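Just below is one structure, and these are the notes that go with it.
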Amino acid sequence: MAYPELKYIKGIGPARAKLLEEELGISSCADLLRHFPSHYIDRSRTYPLNSLSGEMPAVQVRGRFLTFTTQGEGAKMRLVGLFTDGTATIEVVWFRRIKALKELYHTGKEYILFGKPQEFNRRWSLVHPEIDPPDAPGASEGLRGVYPLTEKLRNRGVSSRNIFTWIQNALNTIGTIAETLPQEIISAYGFISATEAMREIHNPADNASLQRARARLKFEELFYLQVNIQRYSNRRTEAARGVRFPRIGHFFNSFYSQVLPFPLTGAQKRVLREIREDVGSGRQMNRLVQGDVGSGKTIVALMSMLIAIDNGCQACMMAPTEILATQHYESLRALAAPLGINVRLLTGSTRKKEREEIHAQLLDGTLHITIGTHALIEDNVRFRNLGLVVIDEQHRFGVMQRARLWTKNAIAPHVLVMTATPIPRTLAMTVYGDLDVSVIDELPPGRKPITTLLRFDDQRMQVYRAIGRELAIGHQVYIVYPLIQENEKLDLKSLEEGYSLIRETFPSYRTAFVHGKMKPAEKDHQMRLFAEHEAHILVATTVIEVGVNVPNASVMVIENAERFGLSQLHQLRGRVGRGAAQSYCILMSKRKIASDTRKRLELMTTTSDGFLIAEADLKMRGPGDLEGTLQSGIPFDLHIANLATDGQIVQIARDAACRLLDSDPTLSHPAHAMILPELQRLYSRRFDLSRIS
Ligand code: ADP
Ligand code: MG
């Protein structure tokens with residue numbers, strides 16, 4: 001059954017429908033129903049005014065207004081009502097719609113107020129509370145939802161109470177909501193129906209009913225996310241057939257015995273074993289290797305490519321930037337060339353003649369390993385027999401982009417994705433839901449842990465003296481500023497000031513300068529100056545985050561560290577500590593920072609465990625920020641599930657999604673008829689965005 005249009009819901013109308021769309025992205029009844037309360041007030045519990053404290057969430061109080069007075073003038077004008085229940089008197093304050101409110105509420109009459117108590121000038125107050133007359137329907141029963149609103153909606157007089165009423169009106173108009181989960185799943189997990197869940201989430205009778213509704217809705221949200229990811233996974237389709245690499249041969253063995261400059265770590269060996277099992281199985285491998293910066297992913301990638309070559313196939317490796325591709329090319333060629341392996345570099349700036357040569361060698365099969373950027377998978381690049389694609393540090397590669405790689409060969413090549421962003425398991429299951437995951441959780445021996453220090457702006461001179469000492473013994477230094485962003489002008493100014501200050505402070509050293517707004521050629525030039533030790537200091541924004549390897553750099557100073565997410569700080573820190581010298585990461589911050597910000601920064605000084613840091617980041621800041629780092633193209637605007645705390649439900653939802661697709665890969669069984677339309681509704685807008693041209 002189709003829902004009525006939003007504007008036809010009682011109480012909404014065309015103007016408010018437009019406002020809801022602009023402010024909350026609510027453009028249909030289905031969207032409105034999924035605008036869930038952010039929290040609930042227990043209506044059966046009224047707090048005496050003399051018991052208010054700052055620790056309380058929003059509470060319900062009951063009493064009468066004694067007086068109303070307007071205070072201040074112009075934009076600062078406010079309406080203050082003295083409100084009492086006999087145990088104490090508080091102030092109720094409004095900054096907007098004063099005239100209308102004065103007419104709406106009267107002294108002497110009883111009201112129920114909802115709001116979060118605040119203490120101001122030793123007096124308790126409620127600012128812009130929600131107000132009900134005591135005879136309002138449902139007063140003193142159940143839990144009352146508090147709906148997220150925007151400033152503009154409030155200014156236009158839309159309250160949480162209005163949203164509640166509109167949703168109730170919509171539910172009454174719709175009656176029974178079409179079921180969005182297959183009956184087999186509802187029965188298997190004992191869920192309540194879609195109709196019950198919607199009614200109870202918006203107007204729960206009690207806590208138990210709220211929990212039932214939440215369990216079902218969280219599951220549903222995560223389930224659809226998983227179905228969406230898993231159906232692009234080729235595990236269960238014809239494409240799952242992979243090139244079989246049955247043997248380990250000459251190249252792998254001679255590399256292992258003659259070239260490999262160090263013994264592999266236990267973790268590297270384990271991951272290689274996992275890869276060998278995959279590629280030997282006859283199924284196509286789609287595997288993610290997670291390993292902290294410096295854990296030695298490159299060697300694992302190379303050895304995997306050698307297995308491909310041993311089995312008569314070609315391999316390629318993709319990096320997100322030219323400079324990274326070049327670095328990989330240089331180090332891999334040095335390792336592979338002694339074995340007579342043909343390794344070449346293909347990027348956007350490869351000259352035409354050379355490019356043609358590479359294209360020809362790819363087609364006739366004489367080119368074994370190609371390293372490059374995106375240029376590698378352009379349509380005109382064709383391989384004779386591509387067996388393995390390695391994607392390094394390439395978070396921009398979503399499920400669908402990977403799927404495109406499969407068409408590069410008659411039988412889909414194996415895909416190995418390497419990432420240094422340690423992400424918590426629940427998030428990995430979501431972002432990389434179609435991949436099997438291997439973890440390199442051990443650093444090569446002999447690494448000196450990086451010393452991380454938190455320093456404040458007033459300690460800058462001391463920090464510069466330390467930098468001076470490192471420069472004097474021939475080391476290099478990174479100085480990183482936050483990405484130029486919200487306040488572009490201000491950020492650019494602080495970056496440029498930082499750059500001049502560094503040049504003035506260290507006039508005898510050369511300083512390179514990079515930021516994201518530069519032309520790519522200039523950026524590349526500046527990065528090269530630093531990579532080739534022509535420059536001693538690099539002042540940069542986070543453009544350096546991914547991959548660059550300058551083992552001689554021993555100091556990383558991060559300015560405005562309080563503005564970075566923990567995972568991002570961790571990534572940045574990984575740029576140092578790559579050589580033999582003791583390395584330092586100095587987090588610079590204002591002295592005046594919120595206590596939880598300080599806690600975050602202090603966590604960085606005490607641990608170098610990327611997974612622990614990622615978990616903490618997810619808990620403290622939510623997955624939205626990780627998305628910035630991952631840019632995975634997976635929608636994260638979950639309405640009710642929380643990837644930080646609902647790990648178990650993620651797992652259950654994933655299993656359920658896999659089972660469903662195993663039994664009905666095309667989702668065409670009549671019992672599953674609701675799934676495709678629901679996917680369409682949920683993700684259609686995003687499909688177009690994430691599709692690569
Ligand atoms: P990442 O995982 O960050 O890509 P790399 O593969 O670049 O790390 O490796 C970092 C450094 O560690 C390289 O110089 C590499 O040669 C070295 N390395 C890798 N594996 C080992 C090992 N088992 N023992 C000693 N050094 C190693
Ligand atoms: Mg690497």
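Identifiers in this document derive from the order of the structure tokens: chains are assigned A, B, ..., residues are numbered from 1 separately in each chain, and ligands are numbered from 1 in order of occurrence.
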For ligand 2, collect every residue having any atom at a distance of at most 12 Å from a ligand atom (counting only C-alpha atoms and all ligand atoms); output as a ChimeraX atom specification.
/A:289-302,317-320,324-325,327-329,331-332,390-394,417-421,545-550,571,574-575,578
Got a sec to tell me which of region 175-306 of chain A DSSP assigns to helix (DSSP H, G or I), as an mmCIF file with C-alpha atoms, in the first residue's frame?
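File states.cif, as written:
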```cif
data_model
loop_
_atom_site.group_PDB
_atom_site.id
_atom_site.type_symbol
_atom_site.label_atom_id
_atom_site.label_comp_id
_atom_site.auth_asym_id
_atom_site.auth_seq_id
_atom_site.Cartn_x
_atom_site.Cartn_y
_atom_site.Cartn_z
ATOM 1 C CA GLN A 183 8.199 -13.773 8.006
ATOM 2 C CA GLU A 184 10.887 -16.442 8.376
ATOM 3 C CA ILE A 185 13.228 -13.859 9.927
ATOM 4 C CA ILE A 186 10.555 -12.394 12.171
ATOM 5 C CA SER A 187 9.769 -15.849 13.481
ATOM 6 C CA ALA A 188 13.375 -16.963 13.774
ATOM 7 C CA TYR A 189 14.315 -14.032 15.987
ATOM 8 C CA ALA A 194 6.632 -3.587 11.564
ATOM 9 C CA THR A 195 3.375 -1.969 12.662
ATOM 10 C CA GLU A 196 3.931 -2.735 16.336
ATOM 11 C CA ALA A 197 7.550 -1.637 16.149
ATOM 12 C CA MET A 198 6.623 1.718 14.639
ATOM 13 C CA ARG A 199 3.882 2.323 17.154
ATOM 14 C CA GLU A 200 6.020 1.362 20.108
ATOM 15 C CA ILE A 201 9.145 3.232 19.130
ATOM 16 C CA HIS A 202 7.159 6.461 18.909
ATOM 17 C CA ASN A 207 10.644 0.276 28.844
ATOM 18 C CA ALA A 208 10.167 -3.356 27.848
ATOM 19 C CA SER A 209 8.075 -2.392 24.860
ATOM 20 C CA LEU A 210 10.615 0.241 23.868
ATOM 21 C CA GLN A 211 13.386 -2.368 23.952
ATOM 22 C CA ARG A 212 11.345 -4.740 21.770
ATOM 23 C CA ALA A 213 10.817 -2.011 19.220
ATOM 24 C CA ARG A 214 14.458 -0.963 19.246
ATOM 25 C CA ALA A 215 15.705 -4.516 18.832
ATOM 26 C CA ARG A 216 13.580 -5.042 15.746
ATOM 27 C CA LEU A 217 14.329 -1.662 14.157
ATOM 28 C CA LYS A 218 18.059 -1.827 14.766
ATOM 29 C CA PHE A 219 18.146 -5.294 13.303
ATOM 30 C CA GLU A 220 16.157 -4.191 10.301
ATOM 31 C CA GLU A 221 18.438 -1.283 9.596
ATOM 32 C CA LEU A 222 21.612 -3.335 9.849
ATOM 33 C CA PHE A 223 20.051 -6.234 7.971
ATOM 34 C CA TYR A 224 19.292 -4.081 4.946
ATOM 35 C CA LEU A 225 22.757 -2.583 5.063
ATOM 36 C CA GLN A 226 24.191 -6.104 4.979
ATOM 37 C CA VAL A 227 21.859 -7.345 2.245
ATOM 38 C CA ASN A 228 22.904 -4.362 0.196
ATOM 39 C CA ILE A 229 26.600 -5.128 0.637
ATOM 40 C CA GLN A 230 26.334 -8.876 0.421
ATOM 41 C CA GLU A 238 28.791 -17.671 -10.851
ATOM 42 C CA ALA A 239 31.510 -15.006 -10.668
ATOM 43 C CA ALA A 240 32.786 -16.673 -7.517
ATOM 44 C CA HIS A 250 60.221 -20.956 -8.853
ATOM 45 C CA PHE A 251 59.605 -17.243 -8.291
ATOM 46 C CA PHE A 252 58.089 -17.544 -4.845
ATOM 47 C CA ASN A 253 60.654 -20.065 -3.688
ATOM 48 C CA SER A 254 63.727 -18.257 -4.954
ATOM 49 C CA PHE A 255 62.435 -14.984 -3.559
ATOM 50 C CA TYR A 256 61.933 -16.635 -0.215
ATOM 51 C CA SER A 257 65.350 -18.265 -0.113
ATOM 52 C CA GLN A 258 67.516 -15.711 -1.941
ATOM 53 C CA VAL A 259 66.005 -12.243 -1.873
ATOM 54 C CA GLY A 266 54.465 -14.757 12.483
ATOM 55 C CA ALA A 267 51.560 -12.562 11.446
ATOM 56 C CA GLN A 268 52.906 -12.135 7.911
ATOM 57 C CA LYS A 269 53.277 -15.898 7.572
ATOM 58 C CA ARG A 270 49.769 -16.501 8.841
ATOM 59 C CA VAL A 271 48.245 -13.997 6.435
ATOM 60 C CA LEU A 272 50.205 -15.439 3.508
ATOM 61 C CA ARG A 273 48.849 -18.853 4.435
ATOM 62 C CA GLU A 274 45.312 -17.479 4.396
ATOM 63 C CA ILE A 275 45.911 -15.954 0.979
ATOM 64 C CA ARG A 276 47.392 -19.186 -0.362
ATOM 65 C CA GLU A 277 44.369 -21.118 0.776
ATOM 66 C CA ASP A 278 42.071 -18.640 -0.960
ATOM 67 C CA VAL A 279 43.886 -18.601 -4.272
ATOM 68 C CA GLY A 280 44.331 -22.353 -4.264
ATOM 69 C CA LYS A 297 51.974 -5.358 4.145
ATOM 70 C CA THR A 298 54.022 -4.653 1.023
ATOM 71 C CA ILE A 299 56.056 -7.836 1.266
ATOM 72 C CA VAL A 300 52.879 -9.837 1.737
ATOM 73 C CA ALA A 301 51.468 -8.194 -1.381
ATOM 74 C CA LEU A 302 54.611 -8.917 -3.372
ATOM 75 C CA MET A 303 54.749 -12.548 -2.325
ATOM 76 C CA SER A 304 51.097 -12.961 -3.265
ATOM 77 C CA MET A 305 51.887 -11.529 -6.685
ATOM 78 C CA LEU A 306 54.750 -14.009 -7.018
#
```
Could you give me, as a CSV table (one decimal) with all heavy atoms, in the first residue's frame, the residues within 10 Å of region 348-354 of chain A, counting only C-alpha atoms and dropping anything in the same chain fewer than 5 positions from it?
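Everything below was put into result12.csv:
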```csv
chain,number,residue,atom,x,y,z
A,321,THR,N,47.8,7.4,-5.0
A,321,THR,CA,48.5,8.6,-5.6
A,321,THR,C,49.7,8.2,-6.4
A,321,THR,O,50.2,7.1,-6.2
A,321,THR,CB,49.0,9.5,-4.5
A,321,THR,OG1,50.0,8.8,-3.8
A,321,THR,CG2,47.9,10.0,-3.6
A,322,GLU,N,50.1,9.1,-7.3
A,322,GLU,CA,51.3,8.8,-8.1
A,322,GLU,C,52.5,8.6,-7.3
A,322,GLU,O,53.3,7.7,-7.6
A,322,GLU,CB,51.5,10.0,-9.1
A,322,GLU,CG,50.8,9.8,-10.3
A,322,GLU,CD,51.4,10.5,-11.5
A,322,GLU,OE1,52.6,10.4,-11.8
A,322,GLU,OE2,50.6,11.2,-12.1
A,359,HIS,N,51.1,-1.2,-22.6
A,359,HIS,CA,49.9,-1.8,-23.1
A,359,HIS,C,50.2,-3.1,-23.9
A,359,HIS,O,49.5,-4.1,-23.7
A,359,HIS,CB,49.1,-0.9,-23.9
A,359,HIS,CG,48.3,0.2,-23.1
A,359,HIS,ND1,47.5,1.1,-23.6
A,359,HIS,CD2,48.3,0.4,-21.8
A,359,HIS,CE1,47.0,1.9,-22.6
A,359,HIS,NE2,47.5,1.4,-21.5
A,360,ALA,N,51.2,-3.0,-24.8
A,360,ALA,CA,51.5,-4.1,-25.6
A,360,ALA,C,52.0,-5.3,-24.8
A,360,ALA,O,51.6,-6.5,-25.0
A,360,ALA,CB,52.6,-3.7,-26.6
A,372,GLY,N,50.6,0.9,-10.4
A,372,GLY,CA,50.1,2.2,-10.9
A,372,GLY,C,49.0,2.8,-10.1
A,372,GLY,O,48.7,2.3,-8.9
A,373,THR,N,48.4,3.8,-10.7
A,373,THR,CA,47.3,4.4,-10.0
A,373,THR,C,46.0,3.9,-10.7
A,373,THR,O,46.0,2.9,-11.4
A,373,THR,CB,47.3,6.0,-10.2
A,373,THR,OG1,47.5,6.2,-11.6
A,373,THR,CG2,48.5,6.6,-9.5
A,374,HIS,N,44.9,4.7,-10.5
A,374,HIS,CA,43.7,4.4,-11.2
A,374,HIS,C,43.8,4.1,-12.7
A,374,HIS,O,43.0,3.4,-13.3
A,374,HIS,CB,42.7,5.5,-11.0
A,374,HIS,CG,41.7,5.3,-10.0
A,374,HIS,ND1,41.9,5.5,-8.6
A,374,HIS,CD2,40.4,4.9,-10.1
A,374,HIS,CE1,40.9,5.2,-8.0
A,374,HIS,NE2,39.9,4.8,-8.8
A,375,ALA,N,44.8,4.7,-13.3
A,375,ALA,CA,45.1,4.6,-14.7
A,375,ALA,C,45.1,3.1,-15.1
A,375,ALA,O,44.8,2.7,-16.2
A,375,ALA,CB,46.4,5.2,-15.1
A,376,LEU,N,45.5,2.3,-14.2
A,376,LEU,CA,45.6,0.8,-14.4
A,376,LEU,C,44.3,0.2,-14.8
A,376,LEU,O,44.3,-0.9,-15.5
A,376,LEU,CB,46.1,0.2,-13.1
A,376,LEU,CG,47.5,-0.2,-13.0
A,376,LEU,CD1,47.8,-0.9,-11.7
A,376,LEU,CD2,47.9,-1.1,-14.1
```
Return the single residue from A:Ile9, A:Cys658, A:Ala75, A:Leu335 that is closest to ligand 1, with distances computed using only C-alpha atoms and all ligand atoms.
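Closest candidate: A:Leu335.
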Do you know which residues are at most 9 Å from Val415 (chain A) counting only C-alpha atoms, after dropping those on the same chain fewer than 6 positions away, and could you put them as a PDB file with N, CA and C atoms, in the first residue's frame?
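Output file result_25.pdb follows:
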```
ATOM      1  N   GLN A 284      37.120 -17.221  -6.230  1.00  0.00           N
ATOM      2  CA  GLN A 284      37.801 -15.943  -6.339  1.00  0.00           C
ATOM      3  C   GLN A 284      38.031 -15.347  -4.957  1.00  0.00           C
ATOM      4  N   MET A 285      39.255 -14.884  -4.712  1.00  0.00           N
ATOM      5  CA  MET A 285      39.560 -14.274  -3.421  1.00  0.00           C
ATOM      6  C   MET A 285      39.136 -12.802  -3.407  1.00  0.00           C
ATOM      7  N   ASN A 286      38.465 -12.402  -2.323  1.00  0.00           N
ATOM      8  CA  ASN A 286      38.252 -10.981  -2.047  1.00  0.00           C
ATOM      9  C   ASN A 286      38.647 -10.789  -0.606  1.00  0.00           C
ATOM     10  N   ARG A 287      39.892 -10.436  -0.384  1.00  0.00           N
ATOM     11  CA  ARG A 287      40.397 -10.419   0.987  1.00  0.00           C
ATOM     12  C   ARG A 287      40.967  -9.064   1.353  1.00  0.00           C
ATOM     13  N   LEU A 288      40.661  -8.659   2.571  1.00  0.00           N
ATOM     14  CA  LEU A 288      41.202  -7.423   3.112  1.00  0.00           C
ATOM     15  C   LEU A 288      42.321  -7.777   4.072  1.00  0.00           C
ATOM     16  N   GLY A 387      45.679 -12.224 -12.975  1.00  0.00           N
ATOM     17  CA  GLY A 387      45.269 -13.179 -11.935  1.00  0.00           C
ATOM     18  C   GLY A 387      45.057 -12.567 -10.569  1.00  0.00           C
ATOM     19  N   LEU A 388      45.719 -11.421 -10.316  1.00  0.00           N
ATOM     20  CA  LEU A 388      45.627 -10.838  -8.974  1.00  0.00           C
ATOM     21  C   LEU A 388      45.735  -9.320  -9.039  1.00  0.00           C
ATOM     22  N   VAL A 389      44.848  -8.660  -8.341  1.00  0.00           N
ATOM     23  CA  VAL A 389      44.928  -7.209  -8.208  1.00  0.00           C
ATOM     24  C   VAL A 389      45.113  -6.876  -6.734  1.00  0.00           C
ATOM     25  N   VAL A 390      46.152  -6.087  -6.440  1.00  0.00           N
ATOM     26  CA  VAL A 390      46.341  -5.625  -5.068  1.00  0.00           C
ATOM     27  C   VAL A 390      45.953  -4.153  -5.017  1.00  0.00           C
ATOM     28  N   ILE A 391      45.136  -3.799  -4.061  1.00  0.00           N
ATOM     29  CA  ILE A 391      44.735  -2.399  -3.905  1.00  0.00           C
ATOM     30  C   ILE A 391      45.318  -1.909  -2.591  1.00  0.00           C
ATOM     31  N   ARG A 402      35.149  -2.386  -6.798  1.00  0.00           N
ATOM     32  CA  ARG A 402      35.864  -3.655  -6.849  1.00  0.00           C
ATOM     33  C   ARG A 402      35.211  -4.586  -7.861  1.00  0.00           C
ATOM     34  N   LEU A 405      36.530  -4.505 -11.265  1.00  0.00           N
ATOM     35  CA  LEU A 405      37.794  -5.181 -11.545  1.00  0.00           C
ATOM     36  C   LEU A 405      37.578  -6.583 -12.082  1.00  0.00           C
ATOM     37  N   TRP A 406      36.477  -7.182 -11.637  1.00  0.00           N
ATOM     38  CA  TRP A 406      36.257  -8.573 -12.009  1.00  0.00           C
ATOM     39  C   TRP A 406      36.101  -8.747 -13.506  1.00  0.00           C
TER      40      TRP A 406
END
```
Length of the CA of Val514 (chain A) to CA of Ile586 (chain A) vector [Å]
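CA of Ile586 (chain A) lies at a distance of 19.4 Å from CA of Val514 (chain A).
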As an exercise, work out the distance from CA of Arg247 (chain A) to CA of Ile309 (chain A) in Å and give it to one decimal place.
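It comes out at 10.3 Å.
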Can you tell me, as number ranges by chain, which residues in region 475-628 of chain A count as strand (DSSP E) by DSSP?
A: 476-480, 511-514, 537-540, 553-558, 584-589
In Å and to one decimal, CA of Tyr464 (chain A) is distant from CA of Gly446 (chain A) by 28.3 Å
Using only C-alpha atoms and all ligand atoms, which of the listed residues (A:Thr265, A:Thr87, A:Ser508, A:Asn311) sits closest to ligand 1?
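Answer, going by the shortest atom-to-atom distance: A:Thr265.
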When you look at Ala561 (chain A) with a cut-off of 10 Å (counting only C-alpha atoms), what residues show up, excluding the ones that are within fewer than 6 positions of it in the same chain? I need them as a CSV table (one decimal) with N, CA, C and O atoms, in the first residue's frame.
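The resulting file, part15.csv, is reproduced below:
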```csv
chain,number,residue,atom,x,y,z
A,454,LEU,N,52.2,15.2,24.4
A,454,LEU,CA,51.2,16.3,24.2
A,454,LEU,C,51.8,17.6,24.7
A,454,LEU,O,52.3,17.6,25.8
A,455,ARG,N,51.9,18.6,23.9
A,455,ARG,CA,52.4,19.9,24.2
A,455,ARG,C,51.4,21.0,23.9
A,455,ARG,O,50.7,20.9,22.9
A,480,VAL,N,52.3,19.1,10.6
A,480,VAL,CA,51.0,18.9,9.9
A,480,VAL,C,49.9,19.8,10.5
A,480,VAL,O,49.8,20.0,11.7
A,481,TYR,N,49.1,20.4,9.6
A,481,TYR,CA,48.0,21.2,10.0
A,481,TYR,C,46.7,20.5,9.6
A,481,TYR,O,46.7,19.7,8.7
A,482,PRO,N,45.6,20.8,10.3
A,482,PRO,CA,44.3,20.2,9.9
A,482,PRO,C,44.0,20.6,8.5
A,482,PRO,O,44.4,21.6,8.0
A,568,GLN,N,42.9,9.3,12.8
A,568,GLN,CA,43.6,10.1,11.9
A,568,GLN,C,45.0,10.4,12.5
A,568,GLN,O,46.0,10.4,11.8
A,569,LEU,N,45.0,10.8,13.7
A,569,LEU,CA,46.3,11.0,14.4
A,569,LEU,C,47.2,9.8,14.3
A,569,LEU,O,48.4,9.9,14.1
A,586,ILE,N,54.6,14.8,18.2
A,586,ILE,CA,54.3,15.8,19.1
A,586,ILE,C,52.9,16.4,18.8
A,586,ILE,O,52.7,17.0,17.7
A,587,LEU,N,52.0,16.2,19.7
A,587,LEU,CA,50.6,16.7,19.5
A,587,LEU,C,50.5,18.1,20.1
A,587,LEU,O,50.7,18.2,21.3
A,588,MET,N,50.3,19.1,19.3
A,588,MET,CA,50.2,20.5,19.8
A,588,MET,C,48.7,20.8,19.9
A,588,MET,O,47.9,20.5,19.1
A,589,SER,N,48.4,21.5,21.0
A,589,SER,CA,47.1,21.9,21.2
A,589,SER,C,47.0,23.1,22.1
A,589,SER,O,48.0,23.5,22.7
A,590,LYS,N,45.8,23.8,22.0
A,590,LYS,CA,45.6,24.9,22.9
A,590,LYS,C,45.6,24.3,24.3
A,590,LYS,O,45.3,23.2,24.5
A,597,THR,N,38.4,15.9,25.3
A,597,THR,CA,39.4,16.1,24.2
A,597,THR,C,40.7,15.8,24.8
A,597,THR,O,41.5,15.1,24.1
A,601,LEU,N,43.5,12.9,23.5
A,601,LEU,CA,44.9,13.2,23.2
A,601,LEU,C,45.8,12.4,24.1
A,601,LEU,O,46.8,11.9,23.6
```
Could you name the residues that touch Tyr499 (chain A) at 10 Å or less, counting only C-alpha atoms, but leaving out those on the same chain fewer than 2 positions away, as a PyMOL selection string?
chain A and resi 479+493-497+501-505+511-514+537-540
Top pick for closest residue to ligand 1, considering A:Glu442, A:Asp596, A:Asp132, A:Glu103 and counting only C-alpha atoms and all ligand atoms:
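Looking only at the distances to ligand 1, the closest residue turns out to be A:Glu442.
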Residues within 9 Å of Ser27 (chain A), only C-alpha atoms, excluding chain neighbours under 3 positions, as an MDAnalysis selection string:
chainID A and resid 5:6 17:18 20:22 24 30:32
Quick one: write out the picked residues with N, CA, C and O atoms as a JSON list (two decimals), in the first residue's frame?
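Now in part19.json:
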```
[["chain", "number", "residue", "atom", "x", "y", "z"],
["A", 5, "GLU", "N", 0.97, 11.26, 0.73],
["A", 5, "GLU", "CA", 2.06, 12.23, 0.70],
["A", 5, "GLU", "C", 2.15, 12.95, 2.03],
["A", 5, "GLU", "O", 1.15, 13.13, 2.72],
["A", 6, "LEU", "N", 3.35, 13.37, 2.35],
["A", 6, "LEU", "CA", 3.61, 13.99, 3.65],
["A", 6, "LEU", "C", 2.68, 15.18, 3.93],
["A", 6, "LEU", "O", 2.14, 15.33, 5.02],
["A", 17, "ALA", "N", 5.64, 20.60, 5.20],
["A", 17, "ALA", "CA", 6.25, 19.46, 4.51],
["A", 17, "ALA", "C", 7.57, 19.90, 3.88],
["A", 17, "ALA", "O", 8.58, 19.21, 3.94],
["A", 18, "LYS", "N", 7.55, 21.10, 3.30],
["A", 18, "LYS", "CA", 8.75, 21.61, 2.65],
["A", 18, "LYS", "C", 9.85, 21.85, 3.70],
["A", 18, "LYS", "O", 11.02, 21.51, 3.50],
["A", 20, "LEU", "N", 10.18, 20.39, 6.59],
["A", 20, "LEU", "CA", 10.69, 19.11, 7.09],
["A", 20, "LEU", "C", 11.71, 18.52, 6.13],
["A", 20, "LEU", "O", 12.71, 17.95, 6.53],
["A", 21, "GLU", "N", 11.42, 18.69, 4.86],
["A", 21, "GLU", "CA", 12.35, 18.18, 3.86],
["A", 21, "GLU", "C", 13.68, 18.94, 3.92],
["A", 21, "GLU", "O", 14.75, 18.35, 3.95],
["A", 22, "GLU", "N", 13.57, 20.27, 3.97],
["A", 22, "GLU", "CA", 14.79, 21.08, 3.98],
["A", 22, "GLU", "C", 15.63, 20.86, 5.24],
["A", 22, "GLU", "O", 16.84, 20.78, 5.20],
["A", 24, "LEU", "N", 15.23, 18.38, 7.83],
["A", 24, "LEU", "CA", 15.52, 17.04, 8.35],
["A", 24, "LEU", "C", 15.61, 15.98, 7.26],
["A", 24, "LEU", "O", 15.81, 14.81, 7.55],
["A", 30, "ALA", "N", 7.28, 7.56, 4.96],
["A", 30, "ALA", "CA", 8.24, 6.55, 5.41],
["A", 30, "ALA", "C", 9.41, 7.22, 6.14],
["A", 30, "ALA", "O", 9.87, 6.74, 7.18],
["A", 31, "ASP", "N", 9.87, 8.35, 5.60],
["A", 31, "ASP", "CA", 10.95, 9.08, 6.26],
["A", 31, "ASP", "C", 10.50, 9.59, 7.62],
["A", 31, "ASP", "O", 11.23, 9.53, 8.61],
["A", 32, "LEU", "N", 9.28, 10.12, 7.65],
["A", 32, "LEU", "CA", 8.77, 10.68, 8.91],
["A", 32, "LEU", "C", 8.72, 9.60, 9.99],
["A", 32, "LEU", "O", 9.14, 9.82, 11.12]]
```
